[in-house]
$ cat query_25.cif   # mmCIF, C-alpha atoms
data_query
#
loop_
_atom_site.label_atom_id
_atom_site.label_comp_id
_atom_site.auth_asym_id
_atom_site.auth_seq_id
_atom_site.Cartn_x
_atom_site.Cartn_y
_atom_site.Cartn_z
CA MET A 1312 19.37 -29.28 166.92
CA GLU A 1313 20.05 -28.67 163.21
CA LYS A 1314 19.62 -24.96 163.89
CA GLY A 1315 22.86 -25.03 165.84
CA VAL A 1316 24.84 -26.08 162.78
CA ARG A 1317 26.08 -23.05 160.88
CA ARG A 1318 28.72 -22.47 158.24
CA TRP A 1319 29.37 -18.87 157.20
CA LEU A 1320 31.96 -17.23 155.00
CA VAL A 1321 32.95 -13.65 154.38
CA ASP A 1322 35.08 -12.59 151.44
CA THR A 1323 37.12 -9.83 153.00
CA SER A 1324 38.79 -8.85 149.74
CA LYS A 1325 35.45 -7.20 148.93
CA TRP A 1326 35.62 -4.98 152.01
CA ASN A 1327 38.07 -2.13 152.02
CA PRO A 1328 36.84 0.20 154.71
CA ALA A 1329 37.98 3.79 155.12
CA PRO A 1330 39.51 4.36 158.57
CA HIS A 1331 36.26 5.89 159.79
CA ASP A 1332 34.20 2.87 158.74
CA PHE A 1333 36.74 0.53 160.27
CA SER A 1334 36.56 2.36 163.60
CA SER A 1335 32.82 2.38 163.63
CA ALA A 1336 32.71 -1.37 162.94
CA LEU A 1337 35.29 -1.81 165.70
CA SER A 1338 33.21 0.18 168.17
CA VAL A 1339 30.45 -2.42 167.93
CA LEU A 1340 32.66 -4.80 169.89
CA PRO A 1341 33.29 -4.64 173.62
CA GLN A 1342 36.42 -2.82 174.74
CA HIS A 1343 38.57 -5.86 175.51
CA GLU A 1344 38.04 -7.24 172.01
CA ARG A 1345 39.12 -3.99 170.37
CA SER A 1346 42.62 -4.04 171.78
CA SER A 1347 43.06 -7.61 170.63
CA ILE A 1348 42.39 -6.37 167.10
CA THR A 1349 44.40 -3.15 167.17
CA ARG A 1350 47.46 -4.96 168.54
CA PHE A 1351 47.98 -6.41 165.04
CA LEU A 1352 50.60 -4.46 163.20
CA ARG A 1353 49.33 -4.95 159.67
CA MET A 1354 46.02 -3.49 158.52
CA GLU A 1355 45.20 -6.69 156.65
CA ASP A 1356 45.52 -8.67 159.88
CA ARG A 1357 43.40 -6.16 161.75
CA LYS A 1358 40.69 -6.43 159.11
CA GLN A 1359 40.65 -10.22 159.32
CA ALA A 1360 40.62 -10.11 163.10
CA LEU A 1361 37.74 -7.64 163.12
CA VAL A 1362 35.64 -9.65 160.69
CA SER A 1363 36.43 -12.78 162.66
CA ARG A 1364 35.14 -11.21 165.90
CA LEU A 1365 32.07 -9.72 164.22
CA LEU A 1366 31.16 -13.11 162.79
CA GLN A 1367 31.36 -14.68 166.23
CA TYR A 1368 28.99 -12.15 167.77
CA ALA A 1369 26.65 -12.21 164.79
CA LEU A 1370 26.41 -15.99 164.79
CA ILE A 1371 25.81 -16.29 168.53
CA HIS A 1372 23.20 -13.57 168.35
CA GLU A 1373 21.41 -15.23 165.46
CA VAL A 1374 21.52 -18.81 166.71
CA LEU A 1375 20.99 -18.30 170.44
CA GLY A 1376 19.13 -15.00 170.35
CA ILE A 1377 21.38 -13.44 173.00
CA PRO A 1378 21.46 -9.62 172.76
CA TYR A 1379 24.82 -8.27 171.59
CA ASN A 1380 25.63 -6.53 174.83
CA GLU A 1381 25.07 -9.73 176.80
CA ILE A 1382 27.39 -11.89 174.72
CA VAL A 1383 30.62 -12.69 176.56
CA ILE A 1384 33.31 -14.44 174.58
CA ASN A 1385 36.44 -15.57 176.37
CA ARG A 1386 39.51 -17.46 175.28
CA THR A 1387 41.21 -20.54 176.68
CA PHE A 1388 44.90 -20.48 177.56
CA GLU A 1389 45.68 -21.72 174.03
CA GLY A 1390 43.58 -18.92 172.57
CA LYS A 1391 40.39 -20.72 171.53
CA PRO A 1392 37.32 -18.49 171.80
CA TYR A 1393 34.21 -19.81 173.54
CA LEU A 1394 30.91 -18.45 174.77
CA GLU A 1395 30.92 -17.71 178.49
CA CYS A 1396 27.91 -18.75 180.58
CA SER A 1397 26.40 -20.42 177.56
CA HIS A 1398 22.69 -20.59 177.99
CA VAL A 1399 22.50 -24.34 177.91
CA ASP A 1400 19.63 -24.97 175.61
CA ALA A 1401 18.05 -28.40 175.67
CA GLY A 1402 18.44 -28.36 171.93
CA PHE A 1403 22.14 -27.41 172.07
CA PRO A 1404 23.90 -29.38 174.77
CA ASN A 1405 27.35 -28.01 173.83
CA PHE A 1406 26.95 -25.02 171.59
CA ASN A 1407 30.45 -24.20 170.33
CA PHE A 1408 32.04 -22.48 167.36
CA ASN A 1409 35.34 -21.92 165.63
CA VAL A 1410 36.71 -19.32 163.22
CA SER A 1411 39.53 -19.22 160.74
CA HIS A 1412 40.90 -16.87 158.14
CA ASP A 1413 43.50 -16.93 155.42
CA GLY A 1414 43.84 -15.01 152.20
CA ASP A 1415 40.49 -13.53 151.21
CA TYR A 1416 38.20 -15.50 153.47
CA VAL A 1417 37.05 -15.61 157.06
CA ALA A 1418 34.99 -18.66 157.98
CA ILE A 1419 32.97 -19.56 161.03
CA ALA A 1420 31.36 -22.87 161.93
CA SER A 1421 29.15 -23.82 164.86
CA GLU A 1422 27.76 -27.06 166.24
CA PRO A 1423 25.14 -27.78 168.90
CA LEU A 1424 26.66 -30.94 170.38
CA CYS A 1425 29.94 -32.04 168.76
CA LEU A 1426 33.17 -30.07 168.86
CA VAL A 1427 33.79 -28.14 165.67
CA GLY A 1428 36.98 -26.87 164.09
CA VAL A 1429 37.36 -24.93 160.87
CA ASP A 1430 40.42 -23.94 158.88
CA VAL A 1431 40.80 -21.84 155.74
CA VAL A 1432 43.92 -22.03 153.60
CA CYS A 1433 44.97 -19.91 150.69
CA CYS A 1434 47.22 -21.92 148.44
CA ILE A 1435 49.99 -19.45 147.60
CA LYS A 1436 53.19 -20.43 145.87
CA PRO A 1437 56.25 -20.03 148.11
CA LEU A 1438 58.23 -16.95 147.13
CA LYS A 1439 61.75 -17.75 148.13
CA GLU A 1440 61.92 -21.51 147.69
CA SER A 1441 60.76 -24.24 145.36
CA VAL A 1442 57.67 -26.25 146.28
CA PRO A 1443 59.64 -29.33 147.39
CA GLU A 1444 61.95 -27.12 149.51
CA PHE A 1445 58.98 -25.34 151.07
CA ILE A 1446 56.99 -28.44 151.99
CA GLU A 1447 60.11 -30.22 153.29
CA ASN A 1448 60.03 -27.81 156.24
CA PHE A 1449 56.84 -29.47 157.40
CA SER A 1450 57.52 -33.11 156.61
CA SER A 1451 57.60 -34.13 160.28
CA TYR A 1452 53.97 -33.05 160.60
CA PHE A 1453 52.75 -35.68 158.14
CA SER A 1454 52.59 -39.43 158.33
CA SER A 1455 54.59 -41.37 155.74
CA LEU A 1456 51.36 -42.34 154.00
CA GLU A 1457 50.28 -38.73 153.69
CA TRP A 1458 53.74 -37.61 152.66
CA ASP A 1459 53.95 -40.25 149.91
CA ASN A 1460 50.55 -39.12 148.64
CA ILE A 1461 51.66 -35.52 148.55
CA ILE A 1462 54.97 -35.92 146.78
CA ASN A 1463 53.67 -38.44 144.25
CA THR A 1464 50.76 -36.31 143.16
CA GLY A 1465 52.28 -34.88 140.01
CA THR A 1466 53.19 -31.34 139.15
CA SER A 1467 54.50 -28.99 141.79
CA ASP A 1468 51.18 -27.13 141.68
CA GLU A 1469 49.33 -30.33 142.52
CA ILE A 1470 51.87 -31.20 145.21
CA LEU A 1471 51.38 -27.82 146.80
CA ALA A 1472 47.59 -28.14 146.61
CA ASP A 1473 47.67 -31.56 148.30
CA PHE A 1474 50.01 -30.25 150.95
CA TYR A 1475 47.64 -27.41 151.77
CA ARG A 1476 44.58 -29.68 151.78
CA TYR A 1477 46.14 -32.07 154.28
CA TRP A 1478 47.37 -29.16 156.40
CA CYS A 1479 43.92 -27.57 156.36
CA LEU A 1480 42.26 -30.79 157.57
CA LYS A 1481 44.85 -31.30 160.27
CA GLU A 1482 44.40 -27.75 161.49
CA ALA A 1483 40.63 -28.13 161.57
CA PHE A 1484 41.02 -31.12 163.90
CA VAL A 1485 43.60 -29.44 166.12
CA LYS A 1486 41.39 -26.37 166.38
CA ALA A 1487 38.30 -28.43 167.16
CA VAL A 1488 39.95 -29.91 170.23
CA GLY A 1489 41.33 -26.54 171.32
CA SER A 1490 45.03 -27.16 170.90
CA GLY A 1491 47.41 -24.26 170.40
CA LEU A 1492 48.99 -23.52 167.02
CA ALA A 1493 50.06 -26.67 165.20
CA TYR A 1494 50.53 -28.82 168.28
CA GLY A 1495 49.21 -32.28 167.59
CA VAL A 1496 49.06 -31.83 163.82
CA ASP A 1497 51.53 -34.65 163.33
CA LYS A 1498 49.51 -37.16 165.34
CA ILE A 1499 46.55 -37.36 162.97
CA GLU A 1500 46.60 -39.17 159.64
CA PHE A 1501 43.96 -38.50 157.00
CA HIS A 1502 42.49 -40.95 154.53
CA HIS A 1503 40.29 -39.99 151.61
CA THR A 1504 39.05 -40.88 148.17
CA ASN A 1505 39.98 -37.94 146.03
CA TRP A 1506 39.26 -35.66 149.00
CA THR A 1507 35.81 -37.08 149.67
CA ASN A 1508 34.85 -39.68 152.30
CA ILE A 1509 37.49 -38.20 154.53
CA SER A 1510 38.38 -40.12 157.66
CA ALA A 1511 41.27 -40.04 160.08
CA LYS A 1512 43.38 -42.16 162.38
CA VAL A 1513 45.34 -41.27 165.47
CA ASP A 1514 48.09 -43.72 166.43
CA GLY A 1515 46.65 -46.18 163.94
CA GLU A 1516 43.18 -46.07 165.55
CA PRO A 1517 40.34 -44.82 163.33
CA LEU A 1518 38.50 -41.80 164.68
CA THR A 1519 35.00 -43.20 164.32
CA GLU A 1520 33.49 -40.37 166.33
CA TRP A 1521 34.67 -37.72 163.88
CA ARG A 1522 33.57 -36.37 160.53
CA PHE A 1523 35.64 -34.27 158.15
CA TRP A 1524 34.80 -32.21 155.11
CA LEU A 1525 36.89 -30.24 152.66
CA LEU A 1526 35.45 -27.66 150.30
CA GLU A 1527 37.06 -25.75 147.51
CA LEU A 1528 36.53 -22.01 147.42
CA PRO A 1529 37.35 -19.53 144.66
CA GLU A 1530 40.90 -18.37 144.00
CA ARG A 1531 42.74 -21.44 145.31
CA HIS A 1532 41.26 -21.39 148.78
CA TRP A 1533 40.05 -24.41 150.70
CA VAL A 1534 38.11 -24.71 153.89
CA ALA A 1535 38.08 -27.78 156.11
CA VAL A 1536 35.56 -28.59 158.82
CA ALA A 1537 36.07 -31.15 161.58
CA ARG A 1538 33.27 -32.35 163.84
CA GLY A 1539 33.94 -34.69 166.75
CA HIS A 1540 33.47 -36.01 170.23
CA PRO A 1541 33.87 -33.54 173.12
CA ARG A 1542 35.98 -36.02 175.08
CA PHE A 1543 38.86 -35.21 172.71
CA ALA A 1544 38.99 -31.61 173.89
CA THR A 1545 42.18 -30.41 175.55
CA GLU A 1546 41.98 -29.93 179.30
CA SER A 1547 41.58 -26.21 179.18
CA TYR A 1548 38.96 -26.32 176.44
CA LYS A 1549 37.06 -29.12 178.14
CA ARG A 1550 36.40 -26.82 181.07
CA THR A 1551 34.30 -24.66 178.78
CA ILE A 1552 32.19 -27.58 177.58
CA SER A 1553 28.93 -28.38 179.32
CA LYS A 1554 28.68 -32.04 178.43
CA ALA A 1555 31.68 -34.21 177.59
CA GLU A 1556 30.04 -37.62 177.96
CA PHE A 1557 27.16 -38.93 175.91
CA ASP A 1558 25.59 -42.29 175.42
CA VAL A 1559 26.14 -43.60 171.91
CA GLU A 1560 22.64 -42.87 170.62
CA ASP A 1561 22.59 -39.29 171.81
CA TYR A 1562 26.07 -38.67 170.50
CA HIS A 1563 25.18 -39.96 167.06
CA LYS A 1564 22.32 -37.50 166.89
CA GLY A 1565 24.93 -34.78 166.94
CA LEU A 1566 27.51 -36.59 164.83
CA ASN A 1567 25.11 -37.32 162.00
CA LEU A 1568 23.53 -33.91 161.65
CA PRO A 1569 23.69 -32.61 158.11
CA ASN A 1570 26.83 -30.68 157.27
CA VAL A 1571 25.18 -27.61 155.83
CA ALA A 1572 26.67 -25.75 152.90
CA PHE A 1573 28.65 -22.61 153.58
CA VAL A 1574 26.61 -19.44 153.32
CA THR A 1575 28.34 -16.29 152.16
CA ARG A 1576 27.66 -13.21 154.18
CA ILE A 1577 28.56 -9.69 153.20
CA ILE A 1578 30.12 -7.54 155.85
CA GLU A 1579 27.10 -5.26 156.22
CA GLN A 1580 25.02 -8.19 157.36
CA VAL A 1581 27.49 -8.94 160.07
CA ILE A 1582 27.77 -5.45 161.56
CA PRO A 1583 24.78 -4.63 163.71
CA VAL A 1584 23.07 -1.41 162.69
CA SER A 1585 22.70 -0.40 166.30
CA HIS A 1586 23.24 -2.34 169.50
CA GLY A 1587 21.05 -5.39 169.49
CA GLU A 1588 19.91 -5.09 165.91
CA GLU A 1589 21.37 -5.98 162.60
CA LYS A 1590 20.25 -6.09 159.00
CA GLN A 1591 18.05 -9.07 158.36
CA PRO A 1592 19.84 -11.98 156.77
CA GLU A 1593 17.43 -12.27 153.82
CA GLN A 1594 20.15 -10.66 151.79
CA ASP A 1595 22.24 -13.86 151.84
CA LEU A 1596 24.02 -14.02 148.57
CA LEU A 1597 24.94 -17.29 147.00
CA HIS A 1598 24.84 -20.63 148.73
CA LEU A 1599 28.12 -22.28 147.93
CA SER A 1600 27.40 -25.87 147.07
CA SER A 1601 29.48 -28.54 148.73
CA ARG A 1602 31.80 -28.72 145.79
CA GLU A 1603 34.54 -30.95 147.04
CA ALA A 1604 37.92 -30.69 145.48
CA MET B 1494 66.80 -2.66 172.05
CA ALA B 1495 66.96 -0.41 175.12
CA ALA B 1496 63.91 -2.15 176.50
CA SER B 1497 65.47 -5.59 176.30
CA THR B 1498 68.74 -4.39 177.85
CA ASN B 1499 66.88 -3.04 180.84
CA SER B 1500 65.05 -6.27 181.37
CA LEU B 1501 68.33 -8.19 181.09
CA ILE B 1502 69.79 -6.18 183.97
CA SER B 1503 66.72 -6.45 186.18
CA MET B 1504 66.49 -10.18 185.63
CA GLN B 1505 70.09 -10.70 186.59
CA SER B 1506 69.65 -8.70 189.77
CA ARG B 1507 66.51 -10.57 190.64
CA SER B 1508 68.00 -14.02 190.38
CA GLY B 1509 71.50 -13.26 191.60
CA MET B 1510 70.78 -10.84 194.35
CA ALA B 1511 67.37 -11.81 195.63
CA ALA B 1512 68.99 -12.82 198.88
CA SER B 1513 70.51 -9.41 199.55
CA ARG B 1514 67.24 -7.66 198.67
CA ILE B 1515 65.33 -9.76 201.15
CA CYS B 1516 67.96 -9.16 203.83
CA SER B 1517 67.50 -5.42 203.54
CA LEU B 1518 63.86 -5.75 204.63
CA LYS B 1519 62.71 -5.55 208.23
CA PRO B 1520 62.85 -8.95 209.98
CA VAL B 1521 59.16 -8.83 210.89
CA SER B 1522 57.97 -8.83 207.30
CA LEU B 1523 61.00 -10.70 205.94
CA SER B 1524 59.56 -14.19 205.53
CA ASN B 1525 56.29 -12.85 204.13
CA GLN B 1526 58.00 -10.71 201.54
CA GLY B 1527 60.32 -13.54 200.60
CA ARG B 1528 57.51 -15.99 200.19
CA SER B 1529 55.23 -13.69 198.25
CA PHE B 1530 58.10 -12.66 195.97
CA LEU B 1531 58.87 -16.27 195.13
CA SER B 1532 55.28 -17.31 194.70
CA PHE B 1533 54.59 -14.28 192.51
CA GLY B 1534 57.51 -15.31 190.33
CA PHE B 1535 56.32 -18.88 189.96
CA ARG B 1536 52.69 -17.99 189.44
CA SER B 1537 53.29 -15.44 186.76
CA MET B 1538 55.70 -17.52 184.73
CA PRO B 1539 54.51 -21.12 184.91
CA ALA B 1540 56.00 -22.40 181.67
CA ARG B 1541 58.81 -19.91 181.39
CA SER B 1542 60.97 -20.14 184.48
CA LEU B 1543 63.94 -20.05 182.10
CA ARG B 1544 63.32 -16.34 181.65
CA VAL B 1545 64.29 -15.66 185.23
CA SER B 1546 67.46 -17.69 185.05
CA CYS B 1547 68.87 -16.40 181.73
CA ALA B 1548 67.70 -13.60 179.48
CA ALA B 1549 69.14 -13.42 175.97
CA LYS B 1550 71.78 -11.03 174.69
CA PRO B 1551 70.53 -8.14 172.56
CA GLU B 1552 72.35 -9.57 169.51
CA THR B 1553 70.34 -12.77 169.76
CA VAL B 1554 67.09 -10.84 170.02
CA GLU B 1555 68.14 -8.77 167.00
CA LYS B 1556 68.88 -11.87 164.95
CA VAL B 1557 65.52 -13.39 165.87
CA CYS B 1558 63.80 -10.15 164.82
CA GLU B 1559 65.55 -10.32 161.43
CA ILE B 1560 64.48 -13.91 160.82
CA VAL B 1561 60.92 -13.12 161.82
CA LYS B 1562 60.71 -10.02 159.63
CA LYS B 1563 61.95 -12.00 156.66
CA GLN B 1564 59.60 -14.92 157.18
CA LEU B 1565 56.55 -12.69 157.59
CA ALA B 1566 57.68 -10.35 154.79
CA LEU B 1567 57.09 -7.36 157.03
CA ALA B 1568 57.49 -3.92 155.49
CA GLU B 1569 60.72 -2.01 156.13
CA GLY B 1570 60.43 -0.02 159.30
CA THR B 1571 57.86 -2.32 160.89
CA PRO B 1572 58.69 -2.18 164.61
CA VAL B 1573 59.79 -5.61 165.80
CA ASN B 1574 61.55 -6.03 169.13
CA GLY B 1575 61.84 -8.42 172.06
CA GLU B 1576 58.33 -7.73 173.25
CA SER B 1577 56.71 -8.38 169.87
CA LYS B 1578 54.24 -11.22 170.04
CA PHE B 1579 54.36 -13.58 167.08
CA SER B 1580 50.60 -13.66 166.87
CA ALA B 1581 50.36 -9.86 166.73
CA LEU B 1582 52.79 -9.85 163.81
CA GLY B 1583 50.30 -11.94 161.87
CA ALA B 1584 52.11 -15.30 162.05
CA ASP B 1585 49.87 -18.27 161.37
CA SER B 1586 50.70 -21.90 162.16
CA LEU B 1587 52.71 -22.42 158.97
CA ASP B 1588 54.68 -19.22 159.58
CA THR B 1589 55.45 -20.30 163.12
CA VAL B 1590 56.80 -23.67 162.03
CA GLU B 1591 58.99 -21.97 159.42
CA ILE B 1592 60.22 -19.38 161.88
CA VAL B 1593 61.23 -22.08 164.34
CA MET B 1594 63.04 -23.95 161.55
CA GLY B 1595 64.75 -20.75 160.45
CA LEU B 1596 65.93 -20.22 164.02
CA GLU B 1597 67.12 -23.83 164.30
CA GLU B 1598 69.18 -23.40 161.13
CA ALA B 1599 70.56 -20.00 162.03
CA PHE B 1600 71.64 -21.03 165.53
CA GLY B 1601 72.45 -24.69 164.94
CA ILE B 1602 69.97 -25.95 167.54
CA SER B 1603 67.00 -28.24 167.71
CA VAL B 1604 63.78 -27.05 169.34
CA GLU B 1605 61.42 -29.52 171.02
CA GLU B 1606 57.76 -29.14 170.16
CA GLU B 1607 56.82 -28.61 173.80
CA SER B 1608 59.30 -25.74 174.15
CA ALA B 1609 58.13 -24.19 170.88
CA GLN B 1610 54.60 -24.14 172.29
CA SER B 1611 55.56 -21.72 175.05
CA ILE B 1612 57.19 -19.18 172.76
CA ALA B 1613 54.90 -16.18 172.52
CA THR B 1614 57.29 -13.28 172.00
CA VAL B 1615 60.59 -12.65 170.22
CA GLN B 1616 62.23 -12.47 173.64
CA ASP B 1617 60.91 -15.93 174.54
CA ALA B 1618 62.44 -17.31 171.35
CA ALA B 1619 65.79 -15.62 172.00
CA ASP B 1620 65.89 -16.86 175.60
CA LEU B 1621 65.19 -20.43 174.54
CA ILE B 1622 67.80 -20.23 171.79
CA GLU B 1623 70.52 -19.13 174.17
CA LYS B 1624 69.60 -21.84 176.62
CA LEU B 1625 69.86 -24.46 173.87
CA VAL B 1626 73.09 -23.03 172.48
CA GLU B 1627 74.57 -23.11 175.98
CA LYS B 1628 73.60 -26.77 176.40
CA LYS B 1629 75.28 -27.59 173.12
CA ASP B 1630 78.66 -26.03 173.95
#
$ encode --input "query_25.cif" --output "structure tokens"
Amino acid sequence: MEKGVRRWLVDTSKWNPAPHDFSSALSVLPQHERSSITRFLRMEDRKQALVSRLLQYALIHEVLGIPYNEIVINRTFEGKPYLECSHVDAGFPNFNFNVSHDGDYVAIASEPLCLVGVDVVCCIKPLKESVPEFIENFSSYFSSLEWDNIINTGTSDEILADFYRYWCLKEAFVKAVGSGLAYGVDKIEFHHTNWTNISAKVDGEPLTEWRFWLLELPERHWVAVARGHPRFATESYKRTISKAEFDVEDYHKGLNLPNVAFVTRIIEQVIPVSHGEEKQPEQDLLHLSSREA
Amino acid sequence: MAASTNSLISMQSRSGMAASRICSLKPVSLSNQGRSFLSFGFRSMPARSLRVSCAAKPETVEKVCEIVKKQLALAEGTPVNGESKFSALGADSLDTVEIVMGLEEAFGISVEEESAQSIATVQDAADLIEKLVEKKD
């Protein structure tokens, strides 16, 4: 089952394709995916969207061994991608994945049994307002405990960093369950010891069937991963899940799998050379250690 | 803006004059046409029936476009109109929250989370705004 746990990252600031290279990478994807990329107005958004899709196909191909042209990825009503007709492997009762991008990074995470959500944030200073003014816009999305922690942190840089770290964790949870945009972000409250031993409560009840991790990346980026029980999935996402109920022992097998370190992939490893083949992943660059902020 | 004006007119005629349109059809197929028209309407717009009842004025759509362009720091000349989808403009969850707040401030309204969820395009936002402004007055 461990083989179903993946954490990959791509630094897209290192990829600046000429239009021809962009088109040829795009042509690797099935037709319906291409229009969902080209509909983005800004080139930067198109690039992120393309890398995000490529990572999904590459990961599914590598983990499940499905040929590229047989991979069908659909989206729920809220927009969460999932693998259609997932070949239910005895080893992977609920293979599922999630992607996120912000700033320079696109991240993907997969799990064989538990739901997984991932969120990347790039901590950029607000341009037209002060830090307190900026974060005030979002105060209703935090519990009073979290809010007190944020505003009492210290300098405005530290306040902003804490704000983004909480937001990142909340988003990872919301995305794991398949909710749209930030809906439900205000319902979850995070507890941590200097951003390690992260746990959460919903309506005062601890989420014992969930695990959370937060990693610092270069250039003021953070990535959060949430892993949890399939019964928390939204209705529409639940329909894509093979097994929502588990007995405690079986569930814990999935919950307690190691949270592997993020592996950095370069874009060339993620674009198949020709249909059904891609460069071998021996060229993995560095393994980012689980340096927690 | 021409696009949104056209849709404004067609929406008004659909809701206000549906009866007369149905009456102009042959009696034999009348009930069928009526039923399929209504069910098509409901099926295609499950969470947005408000679009049929009141489409926003072009000025509202324009104001929403301005707020969105500012929030997303879009380059001058980037085409934003009623049909623009927030997601296609590159808005992430933080952007969306700020856009909704910007709209609340600009129009003096308060948007419920559930309503905000169903906003996909600039037009959707403008329609909701006008509905809320109307309720206020």
$ residues_near_point --input "query_25.cif" --point "(67.7, -17.7, 175.3)" --cutoff "10 Å" --atoms "only C-alpha atoms" --output "PDB file with C-alpha atoms, in the frame of the given file"
ATOM      1  CA  LEU B1543      63.940 -20.050 182.100  1.00  0.00           C
ATOM      2  CA  ARG B1544      63.320 -16.340 181.650  1.00  0.00           C
ATOM      3  CA  SER B1546      67.460 -17.690 185.050  1.00  0.00           C
ATOM      4  CA  CYS B1547      68.870 -16.400 181.730  1.00  0.00           C
ATOM      5  CA  ALA B1548      67.700 -13.600 179.480  1.00  0.00           C
ATOM      6  CA  ALA B1549      69.140 -13.420 175.970  1.00  0.00           C
ATOM      7  CA  LYS B1550      71.780 -11.030 174.690  1.00  0.00           C
ATOM      8  CA  THR B1553      70.340 -12.770 169.760  1.00  0.00           C
ATOM      9  CA  VAL B1554      67.090 -10.840 170.020  1.00  0.00           C
ATOM     10  CA  GLN B1616      62.230 -12.470 173.640  1.00  0.00           C
ATOM     11  CA  ASP B1617      60.910 -15.930 174.540  1.00  0.00           C
ATOM     12  CA  ALA B1618      62.440 -17.310 171.350  1.00  0.00           C
ATOM     13  CA  ALA B1619      65.790 -15.620 172.000  1.00  0.00           C
ATOM     14  CA  ASP B1620      65.890 -16.860 175.600  1.00  0.00           C
ATOM     15  CA  LEU B1621      65.190 -20.430 174.540  1.00  0.00           C
ATOM     16  CA  ILE B1622      67.800 -20.230 171.790  1.00  0.00           C
ATOM     17  CA  GLU B1623      70.520 -19.130 174.170  1.00  0.00           C
ATOM     18  CA  LYS B1624      69.600 -21.840 176.620  1.00  0.00           C
ATOM     19  CA  LEU B1625      69.860 -24.460 173.870  1.00  0.00           C
ATOM     20  CA  VAL B1626      73.090 -23.030 172.480  1.00  0.00           C
ATOM     21  CA  GLU B1627      74.570 -23.110 175.980  1.00  0.00           C
TER      22      GLU B1627
END
$ resolve_selection --input "query_25.cif" --expression "the PyMOL selection byres ((chain B) within 9 of (chain A))" --output "list in words"
Leu1567, Thr1571, Pro1572, Ser1580, Ala1581, Leu1582, Gly1583, Asp1585, Ser1586, Leu1587, Thr1589, Val1590, Glu1591, Met1594, Glu1606, Glu1607 and Gln1610 of chain B
$ residues_around --input "query_25.cif" --residues "A:Ile1499" --least-positions-apart "4" --cutoff "8 Å" --atoms "all atoms listed in the file" --output "count of residues only"
7
$ closest_residue --input "query_25.cif" --among "A:Lys1314, A:Lys1436, A:His1331, A:Arg1538" --to "A:Ile1470" --atoms "only C-alpha atoms"
A:Lys1436
$ resolve_selection --input "query_25.cif" --expression "the PyMOL selection byres ((chain A and resi 1372) around 12)" --output "short mmCIF file (atom, residue, chain, number, x, y, z; two decimals) with C-alpha atoms, in the coordinates of the input"
data_model
loop_
_atom_site.label_atom_id
_atom_site.label_comp_id
_atom_site.auth_asym_id
_atom_site.auth_seq_id
_atom_site.Cartn_x
_atom_site.Cartn_y
_atom_site.Cartn_z
CA GLY A 1315 22.86 -25.03 165.84
CA LEU A 1365 32.07 -9.72 164.22
CA LEU A 1366 31.16 -13.11 162.79
CA GLN A 1367 31.36 -14.68 166.23
CA TYR A 1368 28.99 -12.15 167.77
CA ALA A 1369 26.65 -12.21 164.79
CA LEU A 1370 26.41 -15.99 164.79
CA ILE A 1371 25.81 -16.29 168.53
CA GLU A 1373 21.41 -15.23 165.46
CA VAL A 1374 21.52 -18.81 166.71
CA LEU A 1375 20.99 -18.30 170.44
CA GLY A 1376 19.13 -15.00 170.35
CA ILE A 1377 21.38 -13.44 173.00
CA PRO A 1378 21.46 -9.62 172.76
CA TYR A 1379 24.82 -8.27 171.59
CA ASN A 1380 25.63 -6.53 174.83
CA GLU A 1381 25.07 -9.73 176.80
CA ILE A 1382 27.39 -11.89 174.72
CA VAL A 1383 30.62 -12.69 176.56
CA ILE A 1384 33.31 -14.44 174.58
CA LEU A 1394 30.91 -18.45 174.77
CA SER A 1397 26.40 -20.42 177.56
CA HIS A 1398 22.69 -20.59 177.99
CA VAL A 1581 27.49 -8.94 160.07
CA ILE A 1582 27.77 -5.45 161.56
CA PRO A 1583 24.78 -4.63 163.71
CA HIS A 1586 23.24 -2.34 169.50
CA GLY A 1587 21.05 -5.39 169.49
CA GLU A 1588 19.91 -5.09 165.91
CA GLU A 1589 21.37 -5.98 162.60
#
$ closest_residue --input "query_25.cif" --among "B:Ala1609, B:Glu1597, B:Cys1558, B:Asp1588" --to "B:Asn1574" --atoms "all atoms listed in the file"
B:Cys1558
$ atom_distance --input "query_25.cif" --atom1 "atom CA of A:Asn1567" --atom2 "atom CA of A:Phe1406"
15.7 Å
$ atom_distance --input "query_25.cif" --atom1 "atom CA of A:Ile1435" --atom2 "atom CA of A:Arg1531"
7.9 Å
$ residues_around --input "query_25.cif" --residues "A:Ala1472" --least-positions-apart "4" --cutoff "12 Å" --atoms "all atoms listed in the file" --output "MDAnalysis selection string"
chainID A and resid 1432:1437 1442 1446 1460:1462 1464:1468 1476:1479 1506 1527 1531:1533 1604
$ atom_distance --input "query_25.cif" --atom1 "atom CA of A:Ala1544" --atom2 "atom CA of A:Asn1405"
12.2 Å
$ closest_residue --input "query_25.cif" --among "B:Leu1565, B:Ala1613, B:Val1604, B:Ile1560" --to "B:Ala1584" --atoms "only C-alpha atoms"
B:Leu1565
$ residues_near_point --input "query_25.cif" --point "(39.9, -27.7, 172.6)" --cutoff "10 Å" --atoms "all atoms listed in the file" --output "list in words"
Thr1387, Glu1389, Gly1390, Lys1391, Pro1392, Tyr1393, Leu1426, Val1427, Gly1428, Phe1484, Val1485, Lys1486, Ala1487, Val1488, Gly1489, Ser1490, Gly1491, Pro1541, Arg1542, Phe1543, Ala1544, Thr1545, Glu1546, Ser1547, Tyr1548, Lys1549, Arg1550, Thr1551 and Ile1552 of chain A
